[in-house]
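Asker: Hey, dropping data16.cif in here, mmCIF, C-alpha atoms:
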data_query
loop_
_atom_site.group_PDB
_atom_site.id
_atom_site.type_symbol
_atom_site.label_atom_id
_atom_site.label_comp_id
_atom_site.auth_asym_id
_atom_site.auth_seq_id
_atom_site.Cartn_x
_atom_site.Cartn_y
_atom_site.Cartn_z
ATOM 1 C CA MET A 8 3.787 7.856 10.293
ATOM 2 C CA ASN A 9 1.317 5.447 8.719
ATOM 3 C CA ILE A 10 2.664 2.101 7.521
ATOM 4 C CA LEU A 11 0.701 -0.160 5.164
ATOM 5 C CA ALA A 12 1.659 -3.846 5.213
ATOM 6 C CA ILE A 13 0.185 -5.969 2.412
ATOM 7 C CA GLY A 14 -0.361 -9.708 2.844
ATOM 8 C CA ASP A 15 1.052 -12.306 0.433
ATOM 9 C CA ILE A 16 0.423 -11.042 -3.114
ATOM 10 C CA PHE A 17 -0.548 -14.184 -4.999
ATOM 11 C CA GLY A 18 -0.218 -14.654 -8.754
ATOM 12 C CA GLN A 19 -1.088 -12.340 -11.611
ATOM 13 C CA CYS A 20 -4.507 -11.708 -10.111
ATOM 14 C CA GLY A 21 -2.912 -10.334 -6.947
ATOM 15 C CA VAL A 22 -0.360 -8.249 -8.823
ATOM 16 C CA ASP A 23 -3.026 -6.755 -11.098
ATOM 17 C CA HIS A 24 -5.371 -5.957 -8.206
ATOM 18 C CA THR A 25 -2.605 -4.323 -6.193
ATOM 19 C CA SER A 26 -1.648 -2.227 -9.205
ATOM 20 C CA MET A 27 -5.284 -1.187 -9.620
ATOM 21 C CA VAL A 28 -6.185 -0.209 -6.055
ATOM 22 C CA LEU A 29 -2.994 0.633 -4.182
ATOM 23 C CA ARG A 30 -2.679 4.297 -5.170
ATOM 24 C CA SER A 31 -6.164 5.064 -3.880
ATOM 25 C CA ILE A 32 -5.443 3.204 -0.622
ATOM 26 C CA LEU A 33 -2.234 5.176 -0.103
ATOM 27 C CA THR A 34 -4.225 8.397 -0.466
ATOM 28 C CA GLU A 35 -7.307 7.416 1.521
ATOM 29 C CA GLU A 36 -5.336 5.990 4.449
ATOM 30 C CA ASN A 37 -2.675 8.741 4.332
ATOM 31 C CA ILE A 38 0.056 6.108 3.982
ATOM 32 C CA ASP A 39 3.697 7.151 4.255
ATOM 33 C CA PHE A 40 5.368 3.779 3.638
ATOM 34 C CA CYS A 41 4.198 0.502 2.106
ATOM 35 C CA VAL A 42 5.735 -2.959 2.535
ATOM 36 C CA ALA A 43 4.417 -6.126 0.857
ATOM 37 C CA ASN A 44 5.167 -9.823 0.996
ATOM 38 C CA ALA A 45 5.975 -10.803 -2.604
ATOM 39 C CA GLU A 46 7.100 -14.429 -2.446
ATOM 40 C CA ASN A 47 3.984 -15.585 -4.333
ATOM 41 C CA THR A 48 3.621 -12.877 -6.966
ATOM 42 C CA ALA A 49 4.627 -15.366 -9.676
ATOM 43 C CA GLY A 50 2.925 -18.265 -7.899
ATOM 44 C CA THR A 51 6.236 -19.370 -6.438
ATOM 45 C CA GLY A 52 8.772 -16.560 -6.345
ATOM 46 C CA MET A 53 8.901 -13.089 -7.881
ATOM 47 C CA THR A 54 9.919 -11.955 -11.355
ATOM 48 C CA LEU A 55 11.512 -8.696 -12.444
ATOM 49 C CA HIS A 56 8.222 -7.823 -14.127
ATOM 50 C CA ASP A 57 6.343 -8.310 -10.838
ATOM 51 C CA TYR A 58 8.891 -6.139 -9.040
ATOM 52 C CA ASP A 59 8.564 -3.340 -11.579
ATOM 53 C CA CYS A 60 4.748 -3.463 -11.595
ATOM 54 C CA LEU A 61 4.437 -3.344 -7.816
ATOM 55 C CA THR A 62 7.099 -0.677 -7.412
ATOM 56 C CA ASP A 63 5.265 1.470 -9.958
ATOM 57 C CA ALA A 64 2.041 0.827 -8.034
ATOM 58 C CA GLY A 65 3.550 2.293 -4.843
ATOM 59 C CA VAL A 66 5.159 -0.535 -2.855
ATOM 60 C CA ASP A 67 8.329 0.721 -1.124
ATOM 61 C CA ALA A 68 9.766 -2.543 0.196
ATOM 62 C CA PHE A 69 9.329 -6.270 -0.305
ATOM 63 C CA THR A 70 9.732 -9.279 1.965
ATOM 64 C CA MET A 71 9.841 -12.926 0.901
ATOM 65 C CA GLY A 72 9.485 -16.410 2.424
ATOM 66 C CA ASN A 73 9.745 -20.120 1.684
ATOM 67 C CA HIS A 74 9.321 -19.503 -2.076
ATOM 68 C CA THR A 75 12.041 -16.847 -2.198
ATOM 69 C CA PHE A 76 14.091 -18.702 -4.796
ATOM 70 C CA GLY A 77 11.175 -19.975 -6.874
ATOM 71 C CA LYS A 78 12.153 -17.755 -9.824
ATOM 72 C CA LYS A 79 15.716 -17.112 -10.960
ATOM 73 C CA ASP A 80 14.936 -13.393 -11.382
ATOM 74 C CA ILE A 81 15.308 -12.988 -7.629
ATOM 75 C CA LEU A 82 19.085 -13.332 -7.963
ATOM 76 C CA LYS A 83 19.202 -10.270 -10.226
ATOM 77 C CA ILE A 84 16.800 -8.412 -7.959
ATOM 78 C CA PHE A 85 18.994 -9.086 -4.929
ATOM 79 C CA GLU A 86 22.027 -7.824 -6.844
ATOM 80 C CA THR A 87 20.434 -4.544 -7.925
ATOM 81 C CA GLN A 88 17.698 -3.624 -5.413
ATOM 82 C CA HIS A 89 18.168 -2.874 -1.725
ATOM 83 C CA ASN A 90 14.446 -2.864 -0.914
ATOM 84 C CA VAL A 91 13.885 -6.622 -1.356
ATOM 85 C CA ILE A 92 14.928 -8.944 1.466
ATOM 86 C CA ARG A 93 14.616 -12.666 2.230
ATOM 87 C CA PRO A 94 14.286 -14.451 5.586
ATOM 88 C CA ALA A 95 17.331 -13.715 7.733
ATOM 89 C CA ASN A 96 17.478 -17.290 9.019
ATOM 90 C CA TYR A 97 18.335 -18.739 5.636
ATOM 91 C CA PRO A 98 21.983 -19.879 5.634
ATOM 92 C CA LEU A 99 24.293 -16.851 5.608
ATOM 93 C CA ALA A 100 25.724 -18.038 2.299
ATOM 94 C CA ALA A 101 22.326 -17.700 0.578
ATOM 95 C CA PRO A 102 21.928 -14.812 -1.895
ATOM 96 C CA GLY A 103 20.227 -11.721 -0.565
ATOM 97 C CA LYS A 104 20.030 -10.271 2.909
ATOM 98 C CA GLY A 105 17.662 -10.543 5.834
ATOM 99 C CA SER A 106 17.291 -6.862 6.672
ATOM 100 C CA THR A 107 17.510 -3.437 5.122
ATOM 101 C CA ILE A 108 17.078 0.221 6.028
ATOM 102 C CA ILE A 109 14.998 2.564 3.872
ATOM 103 C CA SER A 110 14.679 6.324 4.293
ATOM 104 C CA CYS A 111 11.170 7.755 4.200
ATOM 105 C CA ARG A 112 9.978 11.255 5.058
ATOM 106 C CA GLY A 113 12.870 12.008 7.360
ATOM 107 C CA LYS A 114 12.817 8.625 9.085
ATOM 108 C CA LYS A 115 15.047 5.593 8.632
ATOM 109 C CA ILE A 116 12.939 2.460 8.682
ATOM 110 C CA GLY A 117 14.567 -0.876 9.444
ATOM 111 C CA ILE A 118 12.909 -3.950 7.936
ATOM 112 C CA ILE A 119 13.636 -7.546 8.948
ATOM 113 C CA ASN A 120 12.312 -10.736 7.323
ATOM 114 C CA LEU A 121 12.161 -14.033 9.255
ATOM 115 C CA MET A 122 10.745 -17.475 8.525
ATOM 116 C CA GLY A 123 9.239 -19.961 10.927
ATOM 117 C CA ARG A 124 10.371 -23.552 11.304
ATOM 118 C CA VAL A 125 7.188 -25.198 12.591
ATOM 119 C CA GLY A 126 5.454 -26.829 9.634
ATOM 120 C CA ILE A 127 7.682 -25.150 7.029
ATOM 121 C CA ASP A 128 11.390 -25.967 7.202
ATOM 122 C CA ILE A 129 13.029 -27.245 10.361
ATOM 123 C CA SER A 130 16.447 -27.053 8.683
ATOM 124 C CA LEU A 131 16.497 -23.262 8.893
ATOM 125 C CA ASP A 132 18.453 -21.402 11.533
ATOM 126 C CA CYS A 133 16.532 -20.378 14.646
ATOM 127 C CA PRO A 134 14.347 -17.362 13.743
ATOM 128 C CA PHE A 135 14.537 -16.034 17.294
ATOM 129 C CA GLU A 136 18.330 -15.950 17.247
ATOM 130 C CA ALA A 137 18.271 -14.487 13.725
ATOM 131 C CA ALA A 138 15.927 -11.749 14.939
ATOM 132 C CA ASN A 139 18.312 -10.853 17.746
ATOM 133 C CA ARG A 140 21.245 -10.756 15.333
ATOM 134 C CA GLU A 141 19.518 -8.539 12.781
ATOM 135 C CA ILE A 142 18.150 -6.157 15.404
ATOM 136 C CA ASP A 143 21.596 -5.741 16.939
ATOM 137 C CA ALA A 144 23.006 -4.998 13.468
ATOM 138 C CA ILE A 145 20.545 -2.229 12.521
ATOM 139 C CA LYS A 146 18.980 -0.805 15.700
ATOM 140 C CA ASP A 147 21.447 2.072 15.995
ATOM 141 C CA LEU A 148 21.138 2.924 12.299
ATOM 142 C CA CYS A 149 17.368 3.355 12.065
ATOM 143 C CA ASP A 150 14.500 5.050 13.896
ATOM 144 C CA PHE A 151 12.256 2.009 14.202
ATOM 145 C CA ILE A 152 11.997 -1.579 12.966
ATOM 146 C CA ILE A 153 9.327 -3.530 11.078
ATOM 147 C CA VAL A 154 9.377 -7.355 11.042
ATOM 148 C CA ASP A 155 7.647 -9.789 8.671
ATOM 149 C CA PHE A 156 7.554 -13.255 10.256
ATOM 150 C CA HIS A 157 6.653 -15.686 7.477
ATOM 151 C CA ALA A 158 5.413 -18.655 9.479
ATOM 152 C CA GLU A 159 2.772 -21.381 9.619
ATOM 153 C CA ALA A 160 2.147 -21.827 13.338
ATOM 154 C CA THR A 161 0.192 -19.180 15.186
ATOM 155 C CA SER A 162 1.994 -20.166 18.383
ATOM 156 C CA GLU A 163 5.405 -19.492 16.827
ATOM 157 C CA LYS A 164 4.245 -16.085 15.620
ATOM 158 C CA LYS A 165 2.784 -15.196 19.004
ATOM 159 C CA ALA A 166 5.992 -16.286 20.712
ATOM 160 C CA MET A 167 7.940 -13.998 18.394
ATOM 161 C CA MET A 168 5.704 -11.096 19.380
ATOM 162 C CA TYR A 169 6.597 -11.532 23.048
ATOM 163 C CA HIS A 170 10.240 -12.171 22.176
ATOM 164 C CA LEU A 171 10.528 -8.887 20.256
ATOM 165 C CA ASP A 172 8.163 -6.748 22.331
ATOM 166 C CA GLY A 173 9.905 -3.490 23.131
ATOM 167 C CA LYS A 174 12.547 -4.084 20.437
ATOM 168 C CA VAL A 175 10.483 -3.493 17.284
ATOM 169 C CA SER A 176 7.553 -1.227 16.408
ATOM 170 C CA VAL A 177 5.703 -3.545 14.027
ATOM 171 C CA LEU A 178 5.513 -7.338 13.780
ATOM 172 C CA PHE A 179 3.149 -8.948 11.303
ATOM 173 C CA GLY A 180 2.787 -12.532 10.181
ATOM 174 C CA THR A 181 2.475 -13.813 6.624
ATOM 175 C CA HIS A 182 2.295 -17.205 4.857
ATOM 176 C CA THR A 183 -1.092 -18.720 5.788
ATOM 177 C CA HIS A 184 -3.046 -16.510 3.328
ATOM 178 C CA VAL A 185 -5.838 -16.218 5.912
ATOM 179 C CA GLN A 186 -6.194 -12.928 7.756
ATOM 180 C CA THR A 187 -6.490 -13.179 11.529
ATOM 181 C CA GLY A 188 -8.600 -10.910 13.721
ATOM 182 C CA ASP A 189 -6.151 -10.466 16.590
ATOM 183 C CA GLU A 190 -4.562 -7.134 15.719
ATOM 184 C CA THR A 191 -3.247 -5.417 18.851
ATOM 185 C CA VAL A 192 -0.741 -2.960 20.265
ATOM 186 C CA THR A 193 1.339 -4.359 23.120
ATOM 187 C CA GLY A 194 2.074 -2.482 26.306
ATOM 188 C CA LYS A 195 5.565 -1.734 24.990
ATOM 189 C CA GLY A 196 4.271 -0.256 21.763
ATOM 190 C CA CYS A 197 4.587 -3.074 19.238
ATOM 191 C CA GLY A 198 1.826 -3.288 16.642
ATOM 192 C CA TYR A 199 1.005 -6.937 15.930
ATOM 193 C CA ILE A 200 -1.214 -9.198 13.845
ATOM 194 C CA THR A 201 -0.713 -12.963 13.466
ATOM 195 C CA ASP A 202 -1.363 -12.934 9.706
ATOM 196 C CA LEU A 203 -2.112 -10.168 7.220
ATOM 197 C CA GLY A 204 -3.971 -12.480 4.853
ATOM 198 C CA MET A 205 -3.692 -12.830 1.071
ATOM 199 C CA THR A 206 -3.916 -10.406 -1.818
ATOM 200 C CA GLY A 207 -5.373 -12.304 -4.752
ATOM 201 C CA ALA A 208 -8.441 -14.125 -6.079
ATOM 202 C CA GLU A 209 -11.213 -14.078 -3.490
ATOM 203 C CA GLU A 210 -13.037 -17.165 -4.828
ATOM 204 C CA SER A 211 -10.135 -19.543 -4.380
ATOM 205 C CA ILE A 212 -8.415 -21.700 -1.789
ATOM 206 C CA LEU A 213 -5.308 -19.782 -0.781
ATOM 207 C CA GLY A 214 -5.094 -18.404 -4.333
ATOM 208 C CA VAL A 215 -5.469 -21.723 -6.170
ATOM 209 C CA LYS A 216 -8.580 -22.798 -8.103
ATOM 210 C CA LYS A 217 -10.948 -24.235 -5.509
ATOM 211 C CA GLU A 218 -11.906 -27.304 -7.585
ATOM 212 C CA ILE A 219 -8.292 -28.476 -7.662
ATOM 213 C CA ILE A 220 -7.808 -28.241 -3.920
ATOM 214 C CA ILE A 221 -11.156 -29.905 -3.180
ATOM 215 C CA LYS A 222 -10.213 -32.804 -5.482
ATOM 216 C CA ARG A 223 -6.896 -33.156 -3.691
ATOM 217 C CA PHE A 224 -8.623 -33.386 -0.312
ATOM 218 C CA VAL A 225 -11.325 -35.781 -1.528
ATOM 219 C CA THR A 226 -9.026 -38.167 -3.413
ATOM 220 C CA GLY A 227 -5.777 -37.780 -1.527
ATOM 221 C CA VAL A 228 -4.024 -37.594 -4.907
ATOM 222 C CA PRO A 229 -1.585 -34.732 -5.638
ATOM 223 C CA GLN A 230 -2.899 -32.256 -8.211
ATOM 224 C CA LYS A 231 -1.258 -29.695 -10.463
ATOM 225 C CA PHE A 232 -2.057 -26.274 -9.075
ATOM 226 C CA GLU A 233 -3.674 -23.654 -11.284
ATOM 227 C CA TYR A 234 -3.923 -20.117 -9.992
ATOM 228 C CA ALA A 235 -7.387 -18.651 -9.622
ATOM 229 C CA SER A 236 -8.579 -15.427 -11.200
ATOM 230 C CA GLY A 237 -11.683 -13.273 -10.920
ATOM 231 C CA ARG A 238 -12.676 -10.794 -8.233
ATOM 232 C CA ALA A 239 -9.733 -10.031 -5.993
ATOM 233 C CA VAL A 240 -9.118 -8.617 -2.535
ATOM 234 C CA LEU A 241 -6.109 -6.797 -1.098
ATOM 235 C CA SER A 242 -5.608 -7.782 2.527
ATOM 236 C CA GLY A 243 -3.279 -6.187 5.025
ATOM 237 C CA ALA A 244 -3.068 -3.772 7.919
ATOM 238 C CA VAL A 245 -2.263 -0.150 8.649
ATOM 239 C CA PHE A 246 0.085 0.546 11.566
ATOM 240 C CA VAL A 247 0.270 4.036 13.069
ATOM 241 C CA ILE A 248 3.727 4.944 14.413
ATOM 242 C CA ASP A 249 4.261 7.886 16.761
ATOM 243 C CA ASP A 250 6.809 10.215 15.163
ATOM 244 C CA THR A 251 8.450 11.012 18.499
ATOM 245 C CA THR A 252 8.471 7.769 20.477
ATOM 246 C CA HIS A 253 8.457 5.486 17.410
ATOM 247 C CA ARG A 254 5.998 3.238 19.225
ATOM 248 C CA CYS A 255 2.941 1.870 17.455
ATOM 249 C CA THR A 256 -0.280 3.488 18.646
ATOM 250 C CA ALA A 257 -2.910 1.752 16.490
ATOM 251 C CA VAL A 258 -3.466 -1.156 14.088
ATOM 252 C CA LYS A 259 -6.293 -1.449 11.569
ATOM 253 C CA ARG A 260 -7.019 -4.414 9.309
ATOM 254 C CA ILE A 261 -7.982 -3.671 5.711
ATOM 255 C CA ASN A 262 -9.605 -5.701 2.923
ATOM 256 C CA ILE A 263 -10.017 -3.818 -0.338
ATOM 257 C CA ARG A 264 -11.993 -5.356 -3.212
#
Take the structure from the file and write it as structure tokens.

Answerer:
Amino acid sequence: MNILAIGDIFGQCGVDHTSMVLRSILTEENIDFCVANAENTAGTGMTLHDYDCLTDAGVDAFTMGNHTFGKKDILKIFETQHNVIRPANYPLAAPGKGSTIISCRGKKIGIINLMGRVGIDISLDCPFEAANREIDAIKDLCDFIIVDFHAEATSEKKAMMYHLDGKVSVLFGTHTHVQTGDETVTGKGCGYITDLGMTGAEESILGVKKEIIIKRFVTGVPQKFEYASGRAVLSGAVFVIDDTTHRCTAVKRINIR
């Protein structure tokens, strides 16, 4: 089974580009299942319109992150859609859930969303303990598990890889909007990459107009963000899962303009 994971889809530019190119990617890469991080589709958060557009484009499941609750539409989405999850280490009383199981081509795929604490939000529950809890809850109900670890620190992401090695088939990082070049398959069959990168305006700084961010660095004065547009890139990775062992056998980065 071939799994496509798409890095943070940022703003209207990212949504439009995904809608334009995803179907051809699914065909060319022989993709069976597609998961995307959608916490930035509306800049901060996701709207019902974004959800509908990306679902129509071919995304099967969505993960979120620190901007999960940036748009009120997410409450309705959580109520009506089982294929959108938020980080499992949010307080248990928070709307939504941290894992789900989706059937695809005769397989049951477990998906878990986690968020790091280093440099993001130290008030969250421990993501390592949350990972253990969610895995224990779904491991006997699915064939294999995919994890999106939405985190800032590369060290925290790498630690999670070793923590979950042998327990999950895919672990990818999101949040930094910069794709890393360290894709690998561990000895226990976990496909890993520290960050998938961003899907959005290529001539930007993390999706925001470059002039605004440069001015902020030069002056030290906070600026109002404006989302960039123009030529876009879809960044992510393809993970190949063995249909018998459910171990990952290969990882390939992609960047589609």

Asker: Take atom CA of Ala68 of chain A and atom CA of Lys216 of chain A and report the distance between them in Å, one decimal.

Answerer: 28.6 Å

Asker: My list of candidates is A:Asn47, A:Asn90, A:Ser211, A:Asn73. Which is closest to Val240 of chain A when distances are computed with only C-alpha atoms?

Answerer: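 Closest to Val240 of chain A of all the choices is A:Ser211.
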
Asker: Record the distance separating atom CA of Ser31 of chain A and atom CA of His56 of chain A, expressed in Å with one decimal.

Answerer: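 Atom CA of Ser31 of chain A sits 21.9 Å away from atom CA of His56 of chain A.
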
Asker: Rank A:Ile92, A:Asp150, A:Thr183, A:Phe69 by their smallest atom-to-atom distance to Gly123 of chain A, using only C-alpha atoms, and report the top residue only.

Answerer: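 Smallest separation from Gly123 of chain A among the options: A:Thr183.
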
Asker: List the spatial neighbours of segment 94-102 of chain A as number ranges by chain - criterion: any atom at most 8 Å away, only C-alpha atoms, same-chain residues fewer than 6 positions off excluded.

Answerer: A: 70-72, 82, 85, 119-122, 131-134, 137-138, 141, 157

Asker: Expand the PyMOL selection byres ((chain A and resi 198-204) around 8) into the individual residues it matches in the shown file, reporting them as an MDAnalysis selection string.

Answerer: chainID A and resid 12:15 161 164:165 168 176:193 196:197 205:206 242:244 246 255:258 260

Asker: In Å, rounded to a single decimal, give me how far atom CA of Ile81 of chain A is from atom CA of Ala160 of chain A.

Answerer: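 Between atom CA of Ala160 of chain A and atom CA of Ile81 of chain A the gap is 26.3 Å.
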
Asker: From the list A:Tyr58, A:Phe151, A:Phe135, A:Phe76, which residue is nearest Thr252 of chain A when using only C-alpha atoms?

Answerer: A:Phe151

Asker: Skip Asp39 of chain A itself and residues of its chain fewer than 4 positions away, then list as a PyMOL selection string all residues within 8 Å of it, counting all atoms listed in the file.

Answerer: chain A and resi 8-11+33+111-112

Asker: Quick one: of A:Gly207, A:Gly173, A:Gly77, A:Gly126, who's nearest to Thr25 of chain A, counting all atoms listed in the file?

Answerer: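 That would be A:Gly207, the residue with the smallest distance to Thr25 of chain A.
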